[in-house]
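Asks: Structure file input.pdb (PDB, C-alpha atoms, pLDDT in the B column) is given on the next line.
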```pdb
ATOM      1  CA  MET A   9      47.961 -55.728 -25.242  1.00 46.00           C
ATOM      2  CA  GLN A  10      46.023 -56.802 -28.295  1.00 64.00           C
ATOM      3  CA  ASN A  11      45.494 -54.220 -31.005  1.00 84.00           C
ATOM      4  CA  THR A  12      41.890 -53.381 -31.758  1.00 93.00           C
ATOM      5  CA  SER A  13      40.639 -52.191 -35.108  1.00 95.00           C
ATOM      6  CA  VAL A  14      37.597 -49.911 -35.109  1.00 97.00           C
ATOM      7  CA  ILE A  15      35.128 -49.323 -37.946  1.00 97.00           C
ATOM      8  CA  LEU A  16      32.234 -46.857 -38.049  1.00 98.00           C
ATOM      9  CA  THR A  17      29.586 -47.420 -40.702  1.00 98.00           C
ATOM     10  CA  ASP A  18      26.359 -45.746 -41.680  1.00 97.00           C
ATOM     11  CA  PRO A  19      23.031 -47.631 -41.275  1.00 97.00           C
ATOM     12  CA  GLN A  20      23.506 -49.154 -44.751  1.00 96.00           C
ATOM     13  CA  ARG A  21      26.817 -50.621 -43.489  1.00 96.00           C
ATOM     14  CA  ARG A  22      29.076 -48.418 -45.641  1.00 97.00           C
ATOM     15  CA  ILE A  23      32.343 -47.465 -43.994  1.00 97.00           C
ATOM     16  CA  LEU A  24      32.517 -43.861 -42.760  1.00 98.00           C
ATOM     17  CA  TRP A  25      35.709 -44.118 -40.694  1.00 97.00           C
ATOM     18  CA  ILE A  26      38.379 -46.627 -39.632  1.00 97.00           C
ATOM     19  CA  ASN A  27      41.166 -46.246 -37.100  1.00 96.00           C
ATOM     20  CA  ASP A  28      44.841 -46.557 -38.006  1.00 95.00           C
ATOM     21  CA  GLN A  29      45.022 -50.069 -36.534  1.00 96.00           C
ATOM     22  CA  PHE A  30      42.457 -51.252 -39.094  1.00 95.00           C
ATOM     23  CA  GLU A  31      44.838 -50.146 -41.849  1.00 94.00           C
ATOM     24  CA  VAL A  32      47.675 -52.039 -40.142  1.00 94.00           C
ATOM     25  CA  MET A  33      45.571 -55.208 -39.672  1.00 95.00           C
ATOM     26  CA  THR A  34      44.122 -55.375 -43.187  1.00 96.00           C
ATOM     27  CA  GLY A  35      46.550 -53.484 -45.419  1.00 96.00           C
ATOM     28  CA  TYR A  36      43.717 -51.325 -46.783  1.00 96.00           C
ATOM     29  CA  THR A  37      43.873 -47.542 -46.494  1.00 95.00           C
ATOM     30  CA  LYS A  38      41.048 -45.260 -45.418  1.00 94.00           C
ATOM     31  CA  ARG A  39      40.839 -43.924 -48.961  1.00 94.00           C
ATOM     32  CA  GLU A  40      40.266 -47.451 -50.318  1.00 94.00           C
ATOM     33  CA  LEU A  41      37.567 -48.300 -47.790  1.00 95.00           C
ATOM     34  CA  ILE A  42      35.403 -45.227 -47.232  1.00 96.00           C
ATOM     35  CA  GLY A  43      31.941 -45.834 -48.682  1.00 97.00           C
ATOM     36  CA  LYS A  44      32.404 -49.601 -49.058  1.00 97.00           C
ATOM     37  CA  SER A  45      30.890 -52.492 -47.126  1.00 95.00           C
ATOM     38  CA  PRO A  46      33.390 -54.228 -44.806  1.00 94.00           C
ATOM     39  CA  GLY A  47      32.126 -57.678 -45.780  1.00 91.00           C
ATOM     40  CA  SER A  48      32.459 -57.083 -49.499  1.00 92.00           C
ATOM     41  CA  ILE A  49      36.115 -56.145 -49.036  1.00 94.00           C
ATOM     42  CA  LEU A  50      37.260 -58.497 -46.280  1.00 95.00           C
ATOM     43  CA  GLN A  51      35.354 -61.752 -46.767  1.00 94.00           C
ATOM     44  CA  GLY A  52      36.552 -64.453 -49.125  1.00 94.00           C
ATOM     45  CA  PRO A  53      36.487 -68.147 -50.008  1.00 93.00           C
ATOM     46  CA  GLU A  54      37.105 -69.459 -46.463  1.00 92.00           C
ATOM     47  CA  SER A  55      34.756 -66.996 -44.750  1.00 93.00           C
ATOM     48  CA  SER A  56      32.095 -69.159 -43.119  1.00 92.00           C
ATOM     49  CA  LYS A  57      28.734 -68.723 -44.805  1.00 93.00           C
ATOM     50  CA  ASP A  58      27.091 -69.526 -41.452  1.00 94.00           C
ATOM     51  CA  ALA A  59      29.080 -66.781 -39.707  1.00 92.00           C
ATOM     52  CA  VAL A  60      28.188 -64.308 -42.463  1.00 93.00           C
ATOM     53  CA  LEU A  61      24.492 -65.195 -42.075  1.00 94.00           C
ATOM     54  CA  ARG A  62      24.687 -64.776 -38.268  1.00 94.00           C
ATOM     55  CA  ILE A  63      26.323 -61.379 -38.719  1.00 93.00           C
ATOM     56  CA  ARG A  64      23.746 -60.221 -41.277  1.00 92.00           C
ATOM     57  CA  LYS A  65      20.879 -61.388 -39.059  1.00 95.00           C
ATOM     58  CA  ALA A  66      22.243 -59.561 -36.016  1.00 94.00           C
ATOM     59  CA  LEU A  67      22.808 -56.382 -38.045  1.00 94.00           C
ATOM     60  CA  ALA A  68      19.251 -56.556 -39.385  1.00 95.00           C
ATOM     61  CA  GLU A  69      17.934 -56.945 -35.826  1.00 96.00           C
ATOM     62  CA  GLU A  70      19.992 -53.891 -34.759  1.00 96.00           C
ATOM     63  CA  LYS A  71      21.271 -55.633 -31.631  1.00 93.00           C
ATOM     64  CA  PRO A  72      24.832 -55.779 -30.257  1.00 95.00           C
ATOM     65  CA  PHE A  73      26.623 -59.065 -30.940  1.00 94.00           C
ATOM     66  CA  GLU A  74      29.955 -60.841 -31.087  1.00 94.00           C
ATOM     67  CA  ASP A  75      31.177 -63.410 -33.598  1.00 93.00           C
ATOM     68  CA  ALA A  76      34.259 -64.563 -35.466  1.00 93.00           C
ATOM     69  CA  LEU A  77      35.079 -65.467 -39.039  1.00 94.00           C
ATOM     70  CA  ILE A  78      37.941 -65.691 -41.470  1.00 95.00           C
ATOM     71  CA  ASN A  79      38.664 -62.428 -43.254  1.00 95.00           C
ATOM     72  CA  TYR A  80      41.326 -61.516 -45.798  1.00 96.00           C
ATOM     73  CA  ARG A  81      43.968 -58.828 -45.870  1.00 96.00           C
ATOM     74  CA  LYS A  82      44.623 -56.789 -48.996  1.00 97.00           C
ATOM     75  CA  ASN A  83      47.519 -59.127 -49.843  1.00 97.00           C
ATOM     76  CA  GLY A  84      45.151 -62.146 -49.778  1.00 96.00           C
ATOM     77  CA  GLU A  85      46.351 -63.562 -46.448  1.00 96.00           C
ATOM     78  CA  ALA A  86      43.565 -65.092 -44.347  1.00 94.00           C
ATOM     79  CA  TYR A  87      43.185 -64.252 -40.660  1.00 94.00           C
ATOM     80  CA  VAL A  88      40.668 -64.936 -37.908  1.00 94.00           C
ATOM     81  CA  CYS A  89      38.664 -61.824 -37.148  1.00 94.00           C
ATOM     82  CA  ARG A  90      36.927 -61.689 -33.784  1.00 94.00           C
ATOM     83  CA  LEU A  91      34.379 -58.912 -33.811  1.00 94.00           C
ATOM     84  CA  ALA A  92      31.936 -57.077 -31.607  1.00 96.00           C
ATOM     85  CA  ILE A  93      29.430 -54.839 -33.349  1.00 97.00           C
ATOM     86  CA  HIS A  94      27.178 -52.306 -31.663  1.00 98.00           C
ATOM     87  CA  PRO A  95      24.298 -50.457 -33.313  1.00 98.00           C
ATOM     88  CA  ILE A  96      24.079 -46.777 -32.447  1.00 98.00           C
ATOM     89  CA  HIS A  97      20.580 -45.304 -32.183  1.00 97.00           C
ATOM     90  CA  ASP A  98      19.607 -41.669 -31.780  1.00 97.00           C
ATOM     91  CA  HIS A  99      17.256 -40.360 -29.095  1.00 97.00           C
ATOM     92  CA  GLN A 100      14.262 -41.430 -31.221  1.00 96.00           C
ATOM     93  CA  HIS A 101      15.654 -44.988 -31.444  1.00 95.00           C
ATOM     94  CA  LYS A 102      16.479 -44.585 -35.136  1.00 97.00           C
ATOM     95  CA  LEU A 103      19.594 -46.458 -36.281  1.00 98.00           C
ATOM     96  CA  VAL A 104      22.343 -43.975 -37.189  1.00 98.00           C
ATOM     97  CA  ASN A 105      25.554 -46.058 -37.199  1.00 98.00           C
ATOM     98  CA  PHE A 106      27.227 -49.359 -36.460  1.00 98.00           C
ATOM     99  CA  LEU A 107      30.451 -49.370 -34.460  1.00 98.00           C
ATOM    100  CA  ALA A 108      32.624 -52.466 -34.839  1.00 97.00           C
ATOM    101  CA  PHE A 109      35.643 -53.551 -32.824  1.00 97.00           C
ATOM    102  CA  GLU A 110      37.832 -56.219 -34.392  1.00 95.00           C
ATOM    103  CA  THR A 111      40.790 -58.176 -33.085  1.00 94.00           C
ATOM    104  CA  GLU A 112      42.893 -60.762 -34.812  1.00 92.00           C
ATOM    105  CA  GLY A 113      42.713 -64.301 -33.410  1.00 83.00           C
ATOM    106  CA  GLU A 114      44.680 -67.482 -33.973  1.00 72.00           C
ATOM    107  CA  MET A 115      44.074 -69.657 -37.044  1.00 57.00           C
ATOM    108  CA  GLU A 116      45.082 -72.854 -35.220  1.00 57.00           C
ATOM    109  CA  GLY A 117      42.019 -74.687 -33.956  1.00 57.00           C
ATOM    110  CA  PHE A 118      39.648 -72.032 -35.300  1.00 55.00           C
ATOM    111  CA  GLU A 119      36.097 -73.058 -36.058  1.00 59.00           C
ATOM    112  CA  ALA A 120      33.285 -70.605 -36.719  1.00 53.00           C
TER     113      ALA A 120
END
```
Represent the structure from my file as structure tokens, please.
Replies:
Amino acid sequence: MQNTSVILTDPQRRILWINDQFEVMTGYTKRELIGKSPGSILQGPESSKDAVLRIRKALAEEKPFEDALINYRKNGEAYVCRLAIHPIHDHQHKLVNFLAFETEGEMEGFEA
């Protein structure tokens, strides 16, 4: 079974909560991440600019989507992050959160 990291953000994409597996995958603790943007912490020099733009566009459109990109652990190690992000709307269709599920993929043969 593949471990899945889970992140809950507010509408401005600031982290409200992460599960324990996210700490294991990235090396960052909850205390270090709460209130920060996942992209500002996890993306780095090999993170595809195209993937980042696709992610930002989908977030702005408030639609569910899946993508992959290279992220970085706290120790600087790169890894392939496969993600599925779902916007959460209230009963009045106002955006209240984003819920992201992330799994680690293989670096070999990765193109995003």
Asks: Here is a test: counting all atoms listed in the file, which residue of A:Ile23, A:Ile42, A:Ala92, A:Leu77 is nearest to A:Gly113?
Replies: A:Leu77
Asks: Quick one: residues within 8 Å of A:Ile15, only C-alpha atoms counted, chain neighbours fewer than 5 positions away excluded, as JSON, numbers by chain?
Replies: {"A": [23, 24, 25, 26, 27, 30, 107, 108, 109]}
Asks: On this file, the PyMOL selection byres ((chain A and resi 94-97) around 12) gives some set of residues; write that set as a PyMOL selection string.
Replies: chain A and resi 14-21+63+66-75+91-93+98-110
Asks: Rank A:Lys65, A:Lys57, A:Lys82, A:Arg22 by their smallest atom-to-atom distance to A:Lys44, using only C-alpha atoms, and report the top residue only.
Replies: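 Counting only C-alpha atoms, the residue closest to A:Lys44 is A:Arg22.
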Asks: Run the PyMOL selection byres ((chain A and resi 32-37) around 9) mentally over the shown coordinates, then write out the matched residues as a PDB file with C-alpha atoms, in the frame of the given file, using the chain letters and numbers from the document.
Replies:
```pdb
ATOM      1  CA  ASN A  11      45.494 -54.220 -31.005  1.00 84.00           C
ATOM      2  CA  THR A  12      41.890 -53.381 -31.758  1.00 93.00           C
ATOM      3  CA  SER A  13      40.639 -52.191 -35.108  1.00 95.00           C
ATOM      4  CA  ILE A  26      38.379 -46.627 -39.632  1.00 97.00           C
ATOM      5  CA  ASP A  28      44.841 -46.557 -38.006  1.00 95.00           C
ATOM      6  CA  GLN A  29      45.022 -50.069 -36.534  1.00 96.00           C
ATOM      7  CA  PHE A  30      42.457 -51.252 -39.094  1.00 95.00           C
ATOM      8  CA  GLU A  31      44.838 -50.146 -41.849  1.00 94.00           C
ATOM      9  CA  LYS A  38      41.048 -45.260 -45.418  1.00 94.00           C
ATOM     10  CA  ARG A  39      40.839 -43.924 -48.961  1.00 94.00           C
ATOM     11  CA  GLU A  40      40.266 -47.451 -50.318  1.00 94.00           C
ATOM     12  CA  LEU A  41      37.567 -48.300 -47.790  1.00 95.00           C
ATOM     13  CA  ILE A  42      35.403 -45.227 -47.232  1.00 96.00           C
ATOM     14  CA  LEU A  50      37.260 -58.497 -46.280  1.00 95.00           C
ATOM     15  CA  ASN A  79      38.664 -62.428 -43.254  1.00 95.00           C
ATOM     16  CA  TYR A  80      41.326 -61.516 -45.798  1.00 96.00           C
ATOM     17  CA  ARG A  81      43.968 -58.828 -45.870  1.00 96.00           C
ATOM     18  CA  LYS A  82      44.623 -56.789 -48.996  1.00 97.00           C
ATOM     19  CA  ASN A  83      47.519 -59.127 -49.843  1.00 97.00           C
ATOM     20  CA  THR A 111      40.790 -58.176 -33.085  1.00 94.00           C
ATOM     21  CA  GLU A 112      42.893 -60.762 -34.812  1.00 92.00           C
TER      22      GLU A 112
END
```
Asks: If you measure from atom CA of A:Leu61 to atom CA of A:Ala86, what distance in Å do you get, rounded to one decimal?
Replies: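 So the two atoms, atom CA of A:Leu61 and atom CA of A:Ala86, lie 19.2 Å apart.
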Asks: Which centre and edge lengths in Å to one decimal define the box along x, y and z that fits every listed atom of stretch 65-75 of chain A plus 5 Å per side, as JSON?
Replies:
```
{"center_x": 24.6, "center_y": -58.7, "center_z": -34.8, "size_x": 23.2, "size_y": 19.5, "size_z": 19.1}
```
Asks: Could you jot down the atom CA of A:Ser56 to atom CA of A:Gly84 separation for me, Å, one decimal place?
Replies: 16.2 Å
Asks: Please, what distance in Å, to one decimal, runs between atom CA of A:Gly47 and atom CA of A:Glu114?
Replies: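 So the two atoms, atom CA of A:Gly47 and atom CA of A:Glu114, lie 19.8 Å apart.
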